[in-house]
Structure formats: structure tokens, C-alpha cells
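So this block is entry-v7.cif, mmCIF, N, CA, C and O atoms:
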```cif
data_query
loop_
_atom_site.label_atom_id
_atom_site.label_comp_id
_atom_site.auth_asym_id
_atom_site.auth_seq_id
_atom_site.Cartn_x
_atom_site.Cartn_y
_atom_site.Cartn_z
N MET A 1 0.85 -1.18 0.00
CA MET A 1 0.00 0.00 0.00
C MET A 1 0.89 1.23 0.00
O MET A 1 1.85 1.32 0.73
N ASN A 2 0.57 2.22 -0.83
CA ASN A 2 1.35 3.45 -0.83
C ASN A 2 0.49 4.59 -0.31
O ASN A 2 -0.68 4.43 0.00
N GLU A 3 1.08 5.79 -0.23
CA GLU A 3 0.38 6.93 0.34
C GLU A 3 -0.87 7.31 -0.43
O GLU A 3 -1.78 7.91 0.11
N HIS A 4 -0.95 6.96 -1.73
CA HIS A 4 -2.11 7.32 -2.54
C HIS A 4 -3.27 6.34 -2.38
O HIS A 4 -4.35 6.59 -2.88
N ASP A 5 -3.01 5.20 -1.74
CA ASP A 5 -4.06 4.20 -1.53
C ASP A 5 -4.78 4.39 -0.20
O ASP A 5 -5.78 3.74 0.05
N GLU A 6 -4.27 5.27 0.65
CA GLU A 6 -4.86 5.46 1.97
C GLU A 6 -6.06 6.38 1.88
O GLU A 6 -6.09 7.31 1.10
N THR A 7 -7.08 6.08 2.68
CA THR A 7 -8.27 6.92 2.70
C THR A 7 -8.20 7.86 3.90
O THR A 7 -7.51 7.61 4.86
N ASP A 8 -8.96 8.96 3.80
CA ASP A 8 -9.03 9.90 4.90
C ASP A 8 -10.45 9.93 5.44
O ASP A 8 -11.21 8.98 5.23
N SER A 9 -10.85 11.01 6.09
CA SER A 9 -12.18 11.08 6.69
C SER A 9 -13.30 11.01 5.67
O SER A 9 -14.44 10.70 6.00
N THR A 10 -13.00 11.28 4.38
CA THR A 10 -14.02 11.18 3.34
C THR A 10 -14.24 9.73 2.91
O THR A 10 -15.22 9.42 2.24
N GLY A 11 -13.28 8.86 3.26
CA GLY A 11 -13.35 7.47 2.83
C GLY A 11 -12.87 7.27 1.41
O GLY A 11 -13.03 6.20 0.83
N MET A 12 -12.25 8.32 0.81
CA MET A 12 -11.77 8.25 -0.56
C MET A 12 -10.25 8.34 -0.59
O MET A 12 -9.64 9.03 0.23
N THR A 13 -9.64 7.66 -1.55
CA THR A 13 -8.20 7.77 -1.75
C THR A 13 -7.92 9.07 -2.51
O THR A 13 -8.84 9.70 -3.06
N ASP A 14 -6.65 9.46 -2.60
CA ASP A 14 -6.29 10.65 -3.37
C ASP A 14 -6.73 10.51 -4.82
O ASP A 14 -7.24 11.45 -5.42
N GLU A 15 -6.54 9.32 -5.41
CA GLU A 15 -6.93 9.10 -6.80
C GLU A 15 -8.45 9.21 -6.97
O GLU A 15 -8.93 9.78 -7.95
N GLU A 16 -9.21 8.68 -6.03
CA GLU A 16 -10.68 8.79 -6.11
C GLU A 16 -11.13 10.23 -5.98
O GLU A 16 -12.04 10.67 -6.70
N LYS A 17 -10.50 11.00 -5.10
CA LYS A 17 -10.85 12.42 -4.96
C LYS A 17 -10.50 13.19 -6.22
O LYS A 17 -11.27 14.05 -6.66
N ARG A 18 -9.36 12.89 -6.83
CA ARG A 18 -8.95 13.55 -8.07
C ARG A 18 -9.97 13.28 -9.18
O ARG A 18 -10.43 14.19 -9.85
N ARG A 19 -10.33 12.01 -9.35
CA ARG A 19 -11.30 11.64 -10.38
C ARG A 19 -12.66 12.31 -10.12
O ARG A 19 -13.29 12.84 -11.02
N ASP A 20 -13.08 12.31 -8.86
CA ASP A 20 -14.36 12.92 -8.50
C ASP A 20 -14.36 14.41 -8.83
O ASP A 20 -15.32 14.93 -9.40
N GLN A 21 -13.27 15.09 -8.50
CA GLN A 21 -13.18 16.53 -8.77
C GLN A 21 -13.17 16.82 -10.27
O GLN A 21 -13.84 17.74 -10.74
N LEU A 22 -12.42 16.04 -11.04
CA LEU A 22 -12.29 16.30 -12.47
C LEU A 22 -13.53 15.91 -13.27
O LEU A 22 -13.71 16.37 -14.39
N THR A 23 -14.38 15.07 -12.73
CA THR A 23 -15.58 14.66 -13.47
C THR A 23 -16.86 15.28 -12.92
O THR A 23 -17.95 14.95 -13.39
N SER A 24 -16.75 16.19 -11.96
CA SER A 24 -17.97 16.76 -11.37
C SER A 24 -18.47 18.03 -12.05
O SER A 24 -19.57 18.49 -11.76
N ALA A 25 -17.71 18.59 -12.98
CA ALA A 25 -18.16 19.78 -13.70
C ALA A 25 -19.35 19.42 -14.59
O ALA A 25 -19.50 18.27 -15.01
N PRO A 26 -20.22 20.40 -14.90
CA PRO A 26 -21.43 20.11 -15.67
C PRO A 26 -21.21 19.38 -17.00
O PRO A 26 -21.95 18.48 -17.33
N ASP A 27 -20.20 19.74 -17.76
CA ASP A 27 -19.97 19.10 -19.07
C ASP A 27 -18.80 18.12 -19.05
O ASP A 27 -18.28 17.74 -20.11
N ALA A 28 -18.39 17.69 -17.88
CA ALA A 28 -17.24 16.78 -17.77
C ALA A 28 -17.59 15.40 -18.30
O ALA A 28 -18.73 14.96 -18.25
N VAL A 29 -16.56 14.75 -18.84
CA VAL A 29 -16.68 13.37 -19.28
C VAL A 29 -15.62 12.55 -18.56
O VAL A 29 -14.66 13.10 -18.02
N GLU A 30 -15.76 11.25 -18.55
CA GLU A 30 -14.85 10.39 -17.82
C GLU A 30 -13.39 10.57 -18.26
O GLU A 30 -12.47 10.53 -17.44
N SER A 31 -13.18 10.84 -19.53
CA SER A 31 -11.80 10.99 -20.02
C SER A 31 -11.12 12.25 -19.48
O SER A 31 -9.89 12.37 -19.56
N ASP A 32 -11.87 13.18 -18.90
CA ASP A 32 -11.26 14.36 -18.28
C ASP A 32 -10.35 13.96 -17.13
O ASP A 32 -9.43 14.71 -16.78
N ALA A 33 -10.58 12.81 -16.55
CA ALA A 33 -9.77 12.35 -15.41
C ALA A 33 -8.63 11.43 -15.83
O ALA A 33 -7.93 10.89 -14.99
N ASP A 34 -8.42 11.26 -17.14
CA ASP A 34 -7.31 10.42 -17.60
C ASP A 34 -5.99 11.01 -17.12
O ASP A 34 -5.84 12.23 -17.03
N PRO A 35 -5.01 10.16 -16.85
CA PRO A 35 -3.70 10.66 -16.42
C PRO A 35 -3.07 11.55 -17.48
O PRO A 35 -3.19 11.30 -18.68
N ARG A 36 -2.40 12.62 -17.04
CA ARG A 36 -1.73 13.53 -17.96
C ARG A 36 -0.23 13.56 -17.73
O ARG A 36 0.50 14.10 -18.56
N ILE A 37 0.21 12.99 -16.60
CA ILE A 37 1.64 12.98 -16.28
C ILE A 37 2.06 11.60 -15.81
O ILE A 37 1.24 10.80 -15.38
N ASP A 38 3.35 11.33 -15.94
CA ASP A 38 3.96 10.13 -15.36
C ASP A 38 4.99 10.62 -14.35
O ASP A 38 5.80 11.50 -14.67
N VAL A 39 4.94 10.07 -13.16
CA VAL A 39 5.90 10.43 -12.11
C VAL A 39 6.73 9.20 -11.80
O VAL A 39 6.20 8.13 -11.54
N THR A 40 8.04 9.35 -11.86
CA THR A 40 8.94 8.26 -11.53
C THR A 40 9.91 8.73 -10.44
O THR A 40 10.28 9.90 -10.39
N HIS A 41 10.26 7.81 -9.57
CA HIS A 41 11.21 8.08 -8.49
C HIS A 41 12.37 7.11 -8.67
O HIS A 41 12.17 5.91 -8.72
N ARG A 42 13.58 7.67 -8.77
CA ARG A 42 14.75 6.81 -8.98
C ARG A 42 15.97 7.45 -8.34
O ARG A 42 16.27 8.62 -8.61
N ASP A 43 16.65 6.70 -7.52
CA ASP A 43 17.87 7.16 -6.86
C ASP A 43 17.69 8.51 -6.18
O ASP A 43 18.55 9.40 -6.28
N GLY A 44 16.57 8.70 -5.51
CA GLY A 44 16.32 9.94 -4.79
C GLY A 44 15.89 11.11 -5.65
O GLY A 44 15.76 12.23 -5.18
N VAL A 45 15.66 10.86 -6.95
CA VAL A 45 15.26 11.91 -7.88
C VAL A 45 13.84 11.64 -8.35
O VAL A 45 13.50 10.52 -8.71
N THR A 46 13.01 12.67 -8.32
CA THR A 46 11.64 12.56 -8.82
C THR A 46 11.57 13.22 -10.19
O THR A 46 12.00 14.35 -10.35
N ARG A 47 11.04 12.48 -11.16
CA ARG A 47 10.91 13.01 -12.52
C ARG A 47 9.43 13.04 -12.89
O ARG A 47 8.71 12.06 -12.70
N ILE A 48 8.99 14.17 -13.45
CA ILE A 48 7.60 14.33 -13.88
C ILE A 48 7.62 14.59 -15.38
O ILE A 48 8.23 15.54 -15.84
N ASP A 49 6.96 13.71 -16.13
CA ASP A 49 6.89 13.84 -17.59
C ASP A 49 5.44 13.98 -18.02
O ASP A 49 4.56 13.28 -17.51
N ILE A 50 5.20 14.86 -19.00
CA ILE A 50 3.88 14.97 -19.62
C ILE A 50 3.72 13.75 -20.52
O ILE A 50 4.59 13.44 -21.34
N ARG A 51 2.61 13.04 -20.37
CA ARG A 51 2.38 11.84 -21.17
C ARG A 51 2.17 12.21 -22.63
O ARG A 51 1.56 13.23 -22.95
N ASP A 52 2.69 11.37 -23.53
CA ASP A 52 2.51 11.60 -24.97
C ASP A 52 1.05 11.57 -25.39
O ASP A 52 0.66 12.22 -26.35
N ASP A 53 0.23 10.80 -24.67
CA ASP A 53 -1.18 10.66 -25.04
C ASP A 53 -2.09 11.63 -24.27
O ASP A 53 -3.32 11.53 -24.36
N ALA A 54 -1.52 12.60 -23.56
CA ALA A 54 -2.33 13.55 -22.80
C ALA A 54 -3.06 14.50 -23.76
O ALA A 54 -2.45 15.08 -24.66
N ASP A 55 -4.36 14.64 -23.56
CA ASP A 55 -5.14 15.56 -24.40
C ASP A 55 -4.82 17.01 -24.08
O ASP A 55 -4.92 17.88 -24.94
N VAL A 56 -4.49 17.29 -22.85
CA VAL A 56 -4.18 18.64 -22.42
C VAL A 56 -2.69 18.70 -22.13
O VAL A 56 -2.17 17.91 -21.36
N ARG A 57 -2.01 19.64 -22.77
CA ARG A 57 -0.55 19.74 -22.63
C ARG A 57 -0.17 21.20 -22.36
O ARG A 57 -0.87 22.11 -22.80
N PRO A 58 0.94 21.41 -21.66
CA PRO A 58 1.38 22.78 -21.43
C PRO A 58 1.90 23.41 -22.72
O PRO A 58 2.27 22.71 -23.65
N GLY A 59 1.90 24.71 -22.77
CA GLY A 59 2.42 25.40 -23.94
C GLY A 59 1.41 26.37 -24.51
O GLY A 59 0.31 26.56 -24.00
N ASP A 60 1.76 26.98 -25.61
CA ASP A 60 0.93 27.97 -26.28
C ASP A 60 -0.16 27.26 -27.09
O ASP A 60 0.15 26.58 -28.07
N PRO A 61 -1.41 27.41 -26.72
CA PRO A 61 -2.49 26.69 -27.42
C PRO A 61 -2.77 27.24 -28.82
O PRO A 61 -3.49 26.63 -29.58
N THR A 62 -2.17 28.38 -29.18
CA THR A 62 -2.45 28.95 -30.49
C THR A 62 -1.43 28.52 -31.54
O THR A 62 -1.55 28.88 -32.70
N THR A 63 -0.41 27.74 -31.14
CA THR A 63 0.59 27.29 -32.10
C THR A 63 0.68 25.77 -32.06
O THR A 63 0.39 25.14 -31.06
N GLU A 64 1.11 25.18 -33.17
CA GLU A 64 1.31 23.76 -33.25
C GLU A 64 2.67 23.41 -32.64
O GLU A 64 3.65 24.15 -32.84
N PRO A 65 2.75 22.31 -31.90
CA PRO A 65 4.06 21.92 -31.34
C PRO A 65 4.99 21.48 -32.46
O PRO A 65 4.55 21.00 -33.50
N PRO A 66 6.30 21.66 -32.26
CA PRO A 66 7.24 21.22 -33.29
C PRO A 66 7.24 19.71 -33.43
O PRO A 66 6.93 18.99 -32.47
N ASP A 67 7.57 19.21 -34.62
CA ASP A 67 7.67 17.77 -34.82
C ASP A 67 8.82 17.23 -34.00
O ASP A 67 9.85 17.87 -33.86
N ARG A 68 8.64 16.02 -33.51
CA ARG A 68 9.71 15.39 -32.71
C ARG A 68 10.61 14.57 -33.57
O ARG A 68 10.36 14.01 -34.50
#
```

Kindly present the structure from the file in C-alpha cells form.
Amino acid sequence: MNEHDETDSTGMTDEEKRRDQLTSAPDAVESDADPRIDVTHRDGVTRIDIRDDADVRPGDPTTEPPDR
């Protein structure tokens, strides 16, 4: 069990609260709660990467991203 699997006074895990918050807006759909980042921990270093399949990405929304 990790820290994200523990429940609090609401009886919900962090992941359940995240999903509940992201899908509670009037026009929200289930895919709004899809993961957008990958977090890895290695040798005392935490790395956060934007997932390639994330629908929402950081950056200027008025320009196309460069080809990789």
C-alpha cells in the first residue's frame, strides 16, 4: 500500500478524490480524469513527464508543437 491508496475522513483515496473533482463539472466526461503525467522516483530523484497521449498539454495553445 502506498500513500495514494490510503483513505481519509471522506473514505476516498487521493486518486478517487482527483477523479471525483475532475468529473464533477457540468460538461465533464470520464476521459477528463485520464492521467496527464507520469511520475517516476529513482535514486532519490523525482521526474515528472507529460504523457505523450495527454489531451491537455502545457504550452501555447495557439501554435502547433514542433515535430519530434

Just give me the gap between CA of Arg42 (chain A) and CA of Met12 (chain A) in Å, one decimal is fine.
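Pair CA of Arg42 (chain A) / CA of Met12 (chain A) returns 27.9 Å.
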
Can you list every residue of region 40-60 of chain A that has an atom at most 12 Å from region 22-32 of chain A, with its nearest atom pair and the distance in Å to one decimal, using only C-alpha atoms, ordered by chain then number, as a tab-separated table?
```
residue	atom	partner	partner_atom	distance
A:Asp53	CA	A:Ser31	CA	11.8
A:Ala54	CA	A:Asp32	CA	10.0
A:Asp55	CA	A:Asp32	CA	8.7
A:Val56	CA	A:Asp32	CA	9.3
```

Could you tell me how far CA of Asp38 (chain A) lies from CA of Arg51 (chain A), in Å and to one decimal?
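The value is 6.3 Å.
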
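Between CA of Gln21 (chain A) and CA of Asp34 (chain A) there is a distance of 12.2 Å.
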
Using all atoms listed in the file: which of A:Asp60, A:Asp49, A:Asp8, A:Glu16 has the shortest distance to Arg36 (chain A):
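Of A:Asp60, A:Asp49, A:Asp8, A:Glu16, the one nearest Arg36 (chain A) is A:Asp49, counting all atoms listed in the file.
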
Apply DSSP to the structure's backbone, then extract all residues of chain A labelled helix (DSSP H, G or I) and return them as number ranges by chain.
A: 14-22, 30-33
